[in-house]
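Take a look at the structure set out below.
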Amino acid sequence: MDKLAYRAITLGTGMLGGLLAGMAFKQVWRLAAGEDDAPDATDKHRSWGEVLIAAGMQGAVYGVVKAAVARAGAVGVHRATGTWPGDDD
């Protein structure tokens, strides 16, 4: 598959993944903290611990969703074309 076409596909799936990750993190934070919104880094009423824990959880959720979306995209391209993205063989 043309590398440019694959990059266009990954751009779209990346945006979708960002939306999914945001929704997933919101749910994880609700379950973990019992609050609707995670603390912002500049919220003076939150402790360092709260802010850093929220950031770590958010990073973990985004990382997992990003990897899942990228893997699903690669599998989809492979099924559709018979070529694994990034393989130069």
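Labels for the structure tokens follow display order: chains A, B, ..., residues from 1 in each chain, ligands from 1.
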>> When DSSP is applied to the backbone of this structure, which of chain A are assigned alpha helix (DSSP H)? Write them out as an NGL selection string.
In response: :A and (3-33 or 48-81)
>> Give me, as a ChimeraX atom specification, all polymer residues having an atom no more than 12 Å from Met23 in chain A, counting only C-alpha atoms and skipping those fewer than 6 positions away in the same chain.
In response: /A:16-17,29-30,36-37,58,61-62,65
Would you write out those residues with C-alpha atoms, as a tab-separated table (two decimals), in the first residue's frame?
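Wrote out-v7.tsv, looks like this:
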chain	number	residue	atom	x	y	z
A	16	LEU	CA	-10.68	8.94	16.42
A	17	GLY	CA	-8.30	7.36	18.93
A	29	TRP	CA	-11.27	9.13	36.43
A	30	ARG	CA	-14.92	8.96	37.52
A	36	ASP	CA	-16.41	14.29	36.80
A	37	ASP	CA	-13.24	16.19	35.90
A	58	GLN	CA	-4.33	9.99	31.54
A	61	VAL	CA	-5.06	5.50	29.01
A	62	TYR	CA	-3.92	7.52	25.98
A	65	VAL	CA	-5.75	3.53	23.22
> Between A:Ala74, A:Ala55, A:Ala60, A:Ala21, which one has atoms that come closest to Ile9 in chain A, using only C-alpha atoms?
Replying inline: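 For Ile9 in chain A, the nearest of the given residues is A:Ala74.
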> Got a sec: who's within 12 Å of Thr10 in chain A, counting only C-alpha atoms, leaving out chain neighbours fewer than 6 positions off, as a VMD selection string?
Replying inline: chain A and resid 3 to 4 16 to 18 66 to 67 69 to 74 76 to 77 85
